[in-house]
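Peer 1: Next comes input04.txt, compact mmCIF, C-alpha atoms and all ligand atoms:
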```txt
# COMPACT_ATOMS: atom_id res chain seq x y z
CA MET A 1 26.71 182.18 58.30
CA TRP A 2 29.58 183.45 56.24
CA VAL A 3 31.59 181.91 53.49
CA SER A 4 35.28 182.45 53.20
CA SER A 5 35.99 183.96 49.78
CA SER A 6 39.14 181.89 49.37
CA ARG A 7 37.34 178.52 49.37
CA SER A 8 36.43 176.60 46.28
CA PRO A 9 32.88 177.26 45.15
CA ASP A 10 31.69 173.67 45.37
CA CYS A 11 32.68 173.19 48.98
CA ALA A 12 32.27 176.27 51.08
CA LEU A 13 33.37 176.55 54.66
CA ILE A 14 30.46 177.93 56.56
CA ASP A 15 31.09 179.29 60.01
CA SER A 16 28.31 179.26 62.52
CA ILE A 17 28.42 182.51 64.47
CA ASP A 18 28.30 180.83 67.87
CA GLY A 19 32.01 181.35 68.33
CA ARG A 20 32.46 177.64 68.40
CA ARG A 21 32.67 175.42 65.38
CA GLY A 22 32.79 175.35 61.58
CA VAL A 23 30.58 173.05 59.53
CA ARG A 24 31.35 171.81 56.04
CA PHE A 25 28.45 171.90 53.67
CA SER A 26 28.19 170.74 50.11
CA CYS A 27 26.78 173.60 48.07
CA VAL A 28 25.14 171.07 45.78
CA GLN A 29 23.50 168.88 48.40
CA ARG A 30 23.49 171.40 51.26
CA LEU A 31 23.98 168.59 53.74
CA PRO A 32 26.29 168.92 56.70
CA ARG A 33 29.22 166.52 56.38
CA GLN A 34 30.34 166.96 59.94
CA HIS A 35 28.24 167.19 63.03
CA ALA A 36 28.31 170.48 64.82
CA ASP A 37 26.11 172.38 67.19
CA HIS A 38 24.53 174.64 64.61
CA CYS A 39 20.92 173.46 64.92
CA ARG A 40 19.63 174.96 68.10
CA LEU A 41 22.16 177.75 67.79
CA THR A 42 20.26 178.87 64.71
CA LEU A 43 16.79 178.06 66.01
CA GLY A 44 17.36 180.03 69.23
CA GLY A 45 18.72 183.14 67.48
CA GLY A 46 22.43 182.66 66.85
CA ASN A 47 24.87 185.10 68.38
CA GLY A 48 28.62 185.37 67.78
CA TRP A 49 31.67 187.38 66.81
CA LEU A 50 30.08 188.58 63.58
CA THR A 51 26.86 189.71 65.28
CA PRO A 52 28.02 193.36 65.40
CA ALA A 53 28.36 193.24 61.61
CA HIS A 54 25.49 190.99 60.60
CA GLY A 55 23.13 190.50 63.54
CA LEU A 56 21.70 187.09 64.40
CA THR A 57 22.04 183.85 62.44
CA ILE A 58 18.25 183.70 62.01
CA ASP A 59 18.35 186.98 60.13
CA HIS A 60 20.24 185.19 57.35
CA LEU A 61 18.15 182.03 57.23
CA VAL A 62 16.29 181.96 53.93
CA ARG A 63 14.80 178.50 54.06
CA ALA A 64 14.51 175.48 56.33
CA THR A 65 13.05 172.01 56.00
CA VAL A 66 11.28 170.73 59.11
CA VAL A 67 9.86 167.33 59.94
CA SER A 68 7.07 168.15 62.37
CA ALA A 69 5.23 165.89 64.81
CA ASP A 70 2.89 164.49 62.14
CA GLY A 71 5.93 163.15 60.29
CA VAL A 72 5.46 165.50 57.35
CA ALA A 73 8.53 167.29 55.95
CA ARG A 74 7.75 170.92 55.16
CA THR A 75 9.97 173.41 53.45
CA CYS A 76 9.41 176.85 54.84
CA SER A 77 10.57 180.31 53.85
CA ALA A 78 9.10 183.80 53.50
CA ALA A 79 7.03 182.46 50.59
CA GLU A 80 6.12 178.97 51.83
CA HIS A 81 4.69 178.09 55.27
CA ALA A 82 5.67 181.60 56.28
CA ASP A 83 4.09 181.20 59.73
CA LEU A 84 6.27 178.21 60.54
CA PHE A 85 9.30 180.01 59.15
CA TRP A 86 8.55 182.93 61.47
CA GLY A 87 8.22 180.61 64.49
CA LEU A 88 11.38 178.63 63.79
CA ARG A 89 13.49 181.78 63.86
CA GLY A 90 13.74 182.07 67.64
CA GLY A 91 11.10 179.51 68.57
CA GLY A 92 13.81 176.90 68.75
CA CYS A 93 13.18 173.22 68.62
CA ASN A 94 9.44 173.46 69.40
CA PHE A 95 8.03 172.58 66.00
CA GLY A 96 10.03 169.63 64.70
CA VAL A 97 13.40 168.41 63.56
CA VAL A 98 15.12 170.69 61.10
CA THR A 99 16.84 168.65 58.43
CA GLU A 100 18.07 171.48 56.20
CA PHE A 101 19.05 175.09 56.65
CA VAL A 102 19.71 177.41 53.71
CA PHE A 103 21.55 180.61 54.60
CA ARG A 104 22.29 183.85 52.84
CA LEU A 105 26.09 184.18 52.74
CA HIS A 106 28.25 187.25 53.17
CA PRO A 107 31.84 187.86 52.15
CA GLN A 108 34.32 187.52 54.99
CA GLU A 109 38.04 188.24 54.79
CA LYS A 110 40.07 185.20 55.72
CA MET A 111 42.27 186.87 58.37
CA VAL A 112 41.10 188.59 61.56
CA PHE A 113 43.00 189.96 64.54
CA GLY A 114 42.53 189.11 68.19
CA GLY A 115 43.20 186.81 71.11
CA MET A 116 43.50 186.71 74.87
CA VAL A 117 44.89 189.63 76.85
CA VAL A 118 45.38 188.80 80.53
CA TYR A 119 45.56 191.36 83.35
CA ALA A 120 46.43 191.19 87.04
CA PRO A 121 43.36 191.24 89.36
CA GLU A 122 44.08 194.79 90.58
CA LYS A 123 43.37 196.10 87.06
CA LEU A 124 39.67 195.15 87.29
CA GLU A 125 38.36 198.67 88.04
CA ALA A 126 40.57 200.32 85.39
CA ILE A 127 39.40 197.79 82.81
CA ALA A 128 35.77 198.46 83.73
CA GLN A 129 36.34 202.19 83.26
CA GLU A 130 37.95 201.66 79.88
CA LEU A 131 35.11 199.37 78.78
CA GLU A 132 32.62 202.09 79.65
CA ARG A 133 34.56 204.60 77.58
CA TRP A 134 35.02 202.25 74.61
CA PHE A 135 31.64 200.53 74.42
CA PRO A 136 29.57 203.46 73.11
CA THR A 137 32.09 203.79 70.28
CA ALA A 138 32.21 200.06 69.43
CA GLY A 139 31.53 199.54 65.74
CA SER A 140 30.64 196.58 63.57
CA LYS A 141 34.17 195.16 63.45
CA GLU A 142 35.07 194.84 67.09
CA ALA A 143 34.10 192.97 70.25
CA VAL A 144 35.50 192.42 73.73
CA HIS A 145 34.49 189.50 75.93
CA VAL A 146 35.49 189.85 79.56
CA TYR A 147 36.21 186.96 81.93
CA PRO A 148 36.77 188.07 85.53
CA GLY A 149 38.03 185.33 87.84
CA ARG A 150 40.71 182.91 86.78
CA ALA A 151 42.85 182.81 83.66
CA MET A 152 43.18 179.55 81.73
CA SER A 153 46.34 178.91 83.79
CA GLY A 154 44.14 178.86 86.93
CA GLU A 155 45.66 182.06 88.37
CA PRO A 156 43.32 184.89 89.50
CA ALA A 157 43.20 187.37 86.63
CA VAL A 158 40.96 189.40 84.36
CA THR A 159 41.00 188.06 80.81
CA LEU A 160 39.83 190.05 77.82
CA LEU A 161 39.19 188.18 74.61
CA MET A 162 39.50 190.84 71.91
CA PHE A 163 38.23 190.45 68.37
CA TYR A 164 38.82 192.75 65.44
CA ASN A 165 37.41 191.86 62.05
CA GLY A 166 40.21 193.46 60.07
CA PRO A 167 44.01 193.85 59.88
CA GLU A 168 46.32 193.80 62.88
CA SER A 169 47.40 197.44 62.56
CA GLU A 170 43.80 198.67 62.82
CA GLY A 171 42.95 196.24 65.62
CA ARG A 172 45.92 197.30 67.74
CA GLU A 173 44.87 200.92 67.37
CA VAL A 174 41.22 200.26 68.28
CA PHE A 175 42.21 198.48 71.50
CA LYS A 176 45.27 200.60 72.35
CA ALA A 177 43.74 202.11 75.49
CA PHE A 178 43.20 198.59 76.85
CA THR A 179 46.74 197.44 76.21
CA ASP A 180 48.07 200.72 77.63
CA LEU A 181 46.71 199.45 80.98
CA GLY A 182 49.64 197.02 81.06
CA PRO A 183 48.53 193.39 80.69
CA ILE A 184 50.53 190.42 82.04
CA SER A 185 50.30 188.74 78.66
CA ASP A 186 49.02 189.65 75.22
CA ARG A 187 48.52 186.71 72.87
CA ARG A 188 46.73 188.54 70.07
CA HIS A 189 47.79 187.99 66.50
CA GLU A 190 46.32 187.74 63.02
CA MET A 191 44.71 184.39 62.30
CA PRO A 192 42.07 182.83 60.05
CA TYR A 193 38.54 183.55 61.25
CA GLU A 194 37.89 179.81 61.70
CA THR A 195 40.83 179.61 64.13
CA PHE A 196 39.52 182.50 66.18
CA ASN A 197 36.01 181.09 66.13
CA THR A 198 37.10 177.76 67.59
CA MET A 199 39.58 179.12 70.13
CA LEU A 200 37.39 178.30 73.12
CA ASP A 201 36.24 174.86 72.04
CA LYS A 202 38.52 173.08 74.45
CA TRP A 203 36.70 174.69 77.40
CA ALA A 204 33.57 172.72 76.67
CA GLY A 205 34.64 170.09 74.20
CA PRO A 206 33.93 166.38 74.06
CA GLY A 207 34.77 164.52 77.28
CA LYS A 208 33.76 167.43 79.50
CA CYS A 209 30.54 168.06 81.32
CA ASN A 210 29.19 171.58 81.52
CA TRP A 211 26.28 173.63 82.76
CA THR A 212 25.44 177.04 81.37
CA ARG A 213 23.24 179.93 82.33
CA GLY A 214 22.55 183.19 80.55
CA PHE A 215 22.47 186.63 82.09
CA VAL A 216 22.01 190.19 80.95
CA VAL A 217 25.11 192.35 80.60
CA ASP A 218 25.05 195.85 82.04
CA ARG A 219 27.54 198.72 82.23
CA ALA A 220 31.00 197.46 83.13
CA SER A 221 31.31 199.48 86.34
CA LYS A 222 28.10 197.86 87.61
CA ALA A 223 28.86 194.39 86.28
CA LEU A 224 32.55 193.84 86.98
CA THR A 225 32.56 194.22 90.74
CA ARG A 226 35.26 193.14 93.14
CA THR A 227 32.71 191.00 95.05
CA LEU A 228 31.86 189.08 91.91
CA PHE A 229 35.51 188.68 90.98
CA GLU A 230 36.46 187.24 94.39
CA ARG A 231 33.52 184.85 94.36
CA ILE A 232 34.41 183.44 90.93
CA VAL A 233 38.00 182.99 92.10
CA ALA A 234 36.82 181.10 95.20
CA LEU A 235 34.29 178.90 93.40
CA GLY A 236 36.77 177.98 90.67
CA ASP A 237 39.59 176.99 93.04
CA PRO A 238 41.78 174.60 90.98
CA ALA A 239 41.84 172.22 93.97
CA GLY A 240 38.14 171.61 93.32
CA PRO A 241 36.55 169.86 90.35
CA PHE A 242 35.07 172.89 88.59
CA ARG A 243 36.25 175.43 86.10
CA VAL A 244 34.00 178.45 86.62
CA SER A 245 33.69 181.32 84.17
CA LEU A 246 31.37 184.23 83.57
CA CYS A 247 31.68 185.84 80.18
CA PHE A 248 30.45 189.41 79.68
CA GLU A 249 30.06 189.99 75.96
CA TYR A 250 30.58 193.62 75.07
CA MET A 251 29.71 194.17 71.43
CA SER A 252 27.36 196.35 69.45
CA GLN A 253 23.77 195.11 69.22
CA ALA A 254 22.87 197.62 66.50
CA ALA A 255 22.60 195.02 63.73
CA VAL A 256 20.31 192.86 65.89
CA ASP A 257 18.13 195.82 66.80
CA ALA A 258 17.94 196.95 63.16
CA VAL A 259 15.56 194.06 62.45
CA PRO A 260 12.05 194.93 63.64
CA ASN A 261 10.81 193.08 66.70
CA GLY A 262 8.12 190.81 65.28
CA ALA A 263 9.94 190.00 62.03
CA THR A 264 10.90 186.71 63.69
CA ALA A 265 9.79 184.91 66.85
CA TYR A 266 12.96 186.05 68.63
CA ALA A 267 11.99 188.84 71.05
CA ARG A 268 14.26 191.81 70.37
CA ASN A 269 13.09 194.40 72.85
CA ARG A 270 16.15 193.99 75.05
CA PRO A 271 17.34 197.05 76.92
CA GLY A 272 20.50 195.33 78.26
CA LEU A 273 23.89 195.92 76.65
CA GLY A 274 24.22 192.34 75.50
CA ASN A 275 24.44 188.72 76.50
CA GLY A 276 26.42 187.04 79.21
CA ILE A 277 27.03 183.35 79.71
CA GLY A 278 28.05 181.55 82.88
CA LEU A 279 29.77 178.24 82.34
CA VAL A 280 30.74 175.62 84.90
CA SER A 281 32.62 172.71 83.38
CA TRP A 282 34.30 169.64 84.78
CA ASP A 283 36.27 166.73 83.42
CA GLY A 284 35.00 163.24 82.88
CA ALA A 285 31.58 161.69 83.01
CA LYS A 286 30.55 162.72 86.52
CA PRO A 287 26.89 163.67 86.33
CA GLU A 288 26.71 163.59 90.12
CA LEU A 289 28.48 166.97 90.11
CA GLU A 290 25.69 168.62 88.14
CA PRO A 291 23.58 169.78 91.13
CA ARG A 292 26.57 171.64 92.58
CA ALA A 293 27.38 173.16 89.18
CA LYS A 294 23.80 174.50 89.02
CA GLU A 295 24.10 175.95 92.53
CA ILE A 296 27.31 177.73 91.59
CA LEU A 297 25.72 179.40 88.59
CA GLU A 298 22.59 180.30 90.55
CA GLU A 299 24.74 182.04 93.15
CA LEU A 300 26.75 183.94 90.53
CA ALA A 301 23.60 184.85 88.62
CA GLY A 302 22.35 186.47 91.82
CA LEU A 303 25.40 188.76 91.73
CA VAL A 304 24.76 189.91 88.14
CA LYS A 305 21.01 190.21 88.32
CA PHE A 306 20.34 192.99 85.83
CA PRO A 307 16.86 193.51 84.42
CA GLY A 308 16.18 192.44 80.86
CA LEU A 309 15.75 189.41 78.74
CA ARG A 310 18.34 186.63 78.92
CA TYR A 311 19.46 184.96 75.72
CA GLY A 312 17.68 181.58 75.58
CA ASN A 313 20.50 179.65 73.94
CA TYR A 314 22.77 180.38 76.87
CA SER A 315 20.62 178.58 79.42
CA ALA A 316 20.81 174.81 79.64
CA GLU A 317 17.48 173.33 78.73
CA SER A 318 16.47 171.28 81.75
CA ASP A 319 17.11 173.88 84.43
CA ALA A 320 13.37 173.98 85.07
CA SER A 321 11.61 170.67 85.22
CA LYS A 322 8.26 171.62 86.74
CA ASP A 323 5.58 172.21 84.17
CA GLU A 324 4.45 175.57 85.56
CA VAL A 325 8.03 176.87 85.78
CA ARG A 326 8.59 175.86 82.17
CA ARG A 327 5.46 177.73 81.09
CA ILE A 328 6.68 180.88 82.80
CA ARG A 329 10.16 180.56 81.31
CA ALA A 330 8.78 180.27 77.79
CA LYS A 331 6.38 183.19 78.21
CA ASP A 332 9.24 185.30 79.56
CA LEU A 333 11.49 184.45 76.66
CA TYR A 334 9.00 185.00 73.86
CA GLN A 335 7.16 187.92 75.43
CA GLU A 336 4.42 189.29 73.17
CA HIS A 337 5.16 186.63 70.54
CA TYR A 338 4.11 183.83 72.85
CA PRO A 339 0.39 183.63 71.92
CA ARG A 340 1.24 183.44 68.22
CA LEU A 341 3.79 180.72 68.95
CA GLN A 342 1.15 178.83 70.91
CA GLN A 343 -1.08 178.81 67.84
CA LEU A 344 1.79 177.38 65.79
CA LYS A 345 2.45 174.79 68.45
CA ARG A 346 -1.16 173.67 68.29
CA GLN A 347 -0.90 173.37 64.53
CA TYR A 348 2.44 171.57 64.27
CA ASP A 349 2.95 169.80 67.60
CA PRO A 350 -0.32 169.66 69.58
CA GLU A 351 0.81 166.65 71.66
CA MET A 352 4.05 168.36 72.65
CA VAL A 353 6.30 165.69 71.18
CA PHE A 354 9.04 168.33 71.13
CA ASP A 355 9.26 169.32 74.76
CA LYS A 356 12.84 170.47 75.30
CA TRP A 357 14.45 173.88 75.87
CA TYR A 358 11.91 176.74 76.26
CA VAL A 359 8.77 174.68 75.76
CA ILE A 360 5.78 176.34 74.16
CA HIS A 361 2.41 175.01 75.29
CA PRO A 362 -0.18 174.72 72.53
CA ALA A 363 -2.98 177.27 72.57
CA ASP A 364 -6.26 176.04 74.02
CA GLU A 365 -9.41 176.47 72.02
CA GLU A 366 -10.65 179.23 74.30
CA GLU A 367 -7.54 181.04 75.47
CA ASP A 368 -4.26 182.49 74.32
CA LYS A 369 -5.60 183.68 70.98
CA PRO A 370 -2.93 185.90 69.40
CA GLN A 371 -3.63 189.60 69.55
CA GLY A 372 -4.41 191.18 66.21
CA LYS A 373 -3.79 188.02 64.17
C1 LIG B 401 30.50 176.74 75.92
C2 LIG B 401 29.31 177.19 75.17
C3 LIG B 401 29.44 178.31 74.37
C4 LIG B 401 28.34 178.76 73.64
N1 LIG B 401 28.50 179.85 72.86
C5 LIG B 401 27.45 180.28 72.14
C6 LIG B 401 27.59 181.41 71.28
O1 LIG B 401 28.65 182.00 71.16
N2 LIG B 401 26.50 181.84 70.59
C7 LIG B 401 25.29 181.21 70.68
O2 LIG B 401 24.36 181.63 70.02
N3 LIG B 401 25.14 180.14 71.47
C8 LIG B 401 26.18 179.67 72.20
N4 LIG B 401 26.03 178.61 73.04
C9 LIG B 401 24.71 178.00 73.14
C10 LIG B 401 24.48 177.11 71.96
O3 LIG B 401 23.73 177.84 71.00
C11 LIG B 401 23.74 175.89 72.35
O4 LIG B 401 24.38 175.22 73.40
C12 LIG B 401 23.78 174.97 71.16
O5 LIG B 401 23.41 175.71 70.04
C13 LIG B 401 22.88 173.82 71.28
O6 LIG B 401 22.74 173.30 69.98
P1 LIG B 401 22.94 171.79 69.63
O7 LIG B 401 22.56 171.63 68.20
O8 LIG B 401 24.27 171.34 70.11
O9 LIG B 401 21.82 171.24 70.47
P2 LIG B 401 21.79 169.97 71.40
O10 LIG B 401 22.35 170.29 72.75
O11 LIG B 401 22.25 168.77 70.65
O12 LIG B 401 20.27 169.97 71.48
C14 LIG B 401 19.58 170.94 72.20
C15 LIG B 401 18.13 170.81 71.82
O13 LIG B 401 18.02 171.38 70.51
C16 LIG B 401 17.12 170.63 69.79
N5 LIG B 401 17.67 170.30 68.49
C17 LIG B 401 18.90 169.84 68.19
N6 LIG B 401 19.01 169.65 66.88
C18 LIG B 401 17.82 169.99 66.33
C19 LIG B 401 17.30 170.00 65.01
N7 LIG B 401 18.00 169.58 63.97
N8 LIG B 401 16.03 170.41 64.82
C20 LIG B 401 15.27 170.79 65.85
N9 LIG B 401 15.70 170.82 67.12
C21 LIG B 401 16.97 170.41 67.35
C22 LIG B 401 16.75 169.41 70.56
O14 LIG B 401 15.44 169.56 71.06
C23 LIG B 401 17.67 169.36 71.72
O15 LIG B 401 17.05 168.96 72.89
C24 LIG B 401 27.10 178.11 73.75
C25 LIG B 401 26.98 176.96 74.55
C26 LIG B 401 28.07 176.51 75.25
C27 LIG B 401 27.93 175.26 76.07
```
If you convert what's in this file into structure tokens, what do you get?
Peer 2:
Amino acid sequence: MWVSSSRSPDCALIDSIDGRRGVRFSCVQRLPRQHADHCRLTLGGGNGWLTPAHGLTIDHLVRATVVSADGVARTCSAAEHADLFWGLRGGGCNFGVVTEFVFRLHPQEKMVFGGMVVYAPEKLEAIAQELERWFPTAGSKEAVHVYPGRAMSGEPAVTLLMFYNGPESEGREVFKAFTDLGPISDRRHEMPYETFNTMLDKWAGPGKCNWTRGFVVDRASKALTRTLFERIVALGDPAGPFRVSLCFEYMSQAAVDAVPNGATAYARNRPGLGNGIGLVSWDGAKPELEPRAKEILEELAGLVKFPGLRYGNYSAESDASKDEVRRIRAKDLYQEHYPRLQQLKRQYDPEMVFDKWYVIHPADEEEDKPQGK
């Protein structure tokens, strides 16, 4: 979470790093005045445009208050209920309802540079090549998210959402090789960070249904294939009900990896280049379309099946309803941290009152004892 230096000290604008929405907090009361989707975003890790600079949201959480299944409100931090504090940071909504988050803030300049740059479909391979050249050099200020398939207009296209956390002149230079490829349109400009961070809200805002699925991002030449492109175009035909997008997030993971695996419950041993999110959205309250939306994302996920750990926040919570499947999902997500999380689950929610998202099963008396704890 970052506070804009230009705001008054008694009412800071805090931006959640999910690329989605700002939340107003009172510095005195530390209570959110406006609902936003910051809760599970934080509890599941927290990934966004400022991740290359600052890592995950959980790495800046200094304290949380949780009402666990026994109805007791506990304040936890590195000094108080440190085990619960460890589990919350990545263990999601498994231990109770979080009623307060306290974050360490970082200075953030008000203005950033970026926006959508749209290319004709035939540029796909050239873009992939340029991404491969640029990515190893990507620093803490820049990110490129790639959307092969259809532009917001509905036309087949490759859209790059470019972000530069600095002035326009520097940003244009950093991405010059991409714009030298000759886009159809370039809508980048300087804007307040909050504006950039909420640019995509309308894709999944109120009044729309959506289904999401995470995937692992690999090298652009392997990921951005013509087969995948054509399939997204076909599945997202504007004559049909669905808007279909796959987002490949290319940005440095160095700040995430700088925190030791084990410092929080979030498993960090991820060899992939980053996170990808598939999103199928449709207008109106039509839940009957959900099964088809799931099928679409399953099919596309099969085309980008790279090894590695998917980001839990990017997968909709009820995509596995069978108990055994849910157990496997949670073990996969938490990896070697799972036994320790099971101990915490037994302590704070033994009856599994909180059974959404990646559900941790409480440790039995005889099994799943944490190693070395
Ligand atoms: C279009 C789109 C873009 C996204 N982009 C990003 C992104 O850039 N970065 C990123 O990290 N994630 C991203 N996500 C995933 C996002 O983190 C989750 O969808 C979101 O955080 C869910 O949080 P919520 O508070 O809205 O939870 P809800 O959907 O309201 O709830 C989900 C679950 O969280 C639990 N929960 C909610 N509030 C609390 C609480 N106070 N205490 C304990 N448990 C609680 C509940 O068990 C609930 O079942 C994106 C999702 C979508 C749909």
Peer 1: So which one's closest to ligand LIG 401 (chain B), A:Thr212, A:Ser68, A:Thr179, A:Ser140? Using all atoms listed in the file, please.
Peer 2: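 Closest to ligand LIG 401 (chain B), using all atoms listed in the file: A:Thr212.
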Peer 1: Write out as a list in words the residues lying within 7 Å of range 216-230 of chain A, counting only C-alpha atoms and excluding same-chain residues fewer than 6 positions away.
Peer 2: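 Close residues of range 216-230 of chain A: Ala128, Gln129, Leu131, Glu132, Pro148, Gly149, Phe248, Gly272, Leu273, Gly274, Asn275, Gly276, Leu303, Val304, Phe306, Gly308, Leu309 and Arg310 of chain A.
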Peer 1: Can you tell me which residues surround Ala138 in chain A at a distance of at most 9 Å, considering all atoms listed in the file, apart from same-chain residues fewer than 3 positions away, and format the answer as a list in words?
Peer 2: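 The residues satisfying every condition are Pro52, Trp134, Phe135, Lys141, Glu142, Ala143, Tyr250, Met251 and Ser252 of chain A.
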Peer 1: Report, in Å to a single decimal, how far apart CA of Ser245 in chain A and atom C26 of ligand LIG 401 (chain B) are.
Peer 2: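 Atom C26 of ligand LIG 401 (chain B) sits 11.6 Å away from CA of Ser245 in chain A.
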Peer 1: Considering all atoms listed in the file, state which residue in the set A:Thr159, A:Thr42, A:Thr57, A:Gln342 is at the smallest distance from Met116 in chain A.
Peer 2: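 Closest to Met116 in chain A, using all atoms listed in the file: A:Thr159.
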Peer 1: Let me make sure I understand: among A:Asp201, A:Asp237, A:Asp355, A:Asp59, which one has the smallest atom-to-atom distance to Arg326 in chain A if we use all atoms listed in the file?
Peer 2: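 Among the listed residues, the smallest separation from Arg326 in chain A belongs to A:Asp355.
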Peer 1: In terms of the shortest atom-to-atom distance over all atoms listed in the file, which of A:Val97, A:Val66, A:Leu61, A:Ala73 is closest to ligand LIG 401 (chain B)?
Peer 2: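 That would be A:Val97, the residue with the smallest distance to ligand LIG 401 (chain B).
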Peer 1: Taking all atoms listed in the file into account, which of A:Tyr348, A:Tyr311, A:Tyr147, A:Phe215 comes nearest ligand LIG 401 (chain B)?
Peer 2: A:Tyr311
Peer 1: Quote the spacing between CA of Val256 in chain A and CA of Thr51 in chain A in Å to one decimal place.
Peer 2: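 CA of Thr51 in chain A lies at a distance of 7.3 Å from CA of Val256 in chain A.
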Peer 1: Please measure the separation of CA of His54 in chain A and CA of Gly171 in chain A, giving the value in Å to one decimal.
Peer 2: 18.9 Å
Peer 1: Here is a test: counting only C-alpha atoms, which residue of A:Met199, A:Val174, A:Met191, A:Ala301 is nearest to Leu161 in chain A?
Peer 2: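 Nearest candidate to Leu161 in chain A out of A:Met199, A:Val174, A:Met191, A:Ala301: A:Met199.
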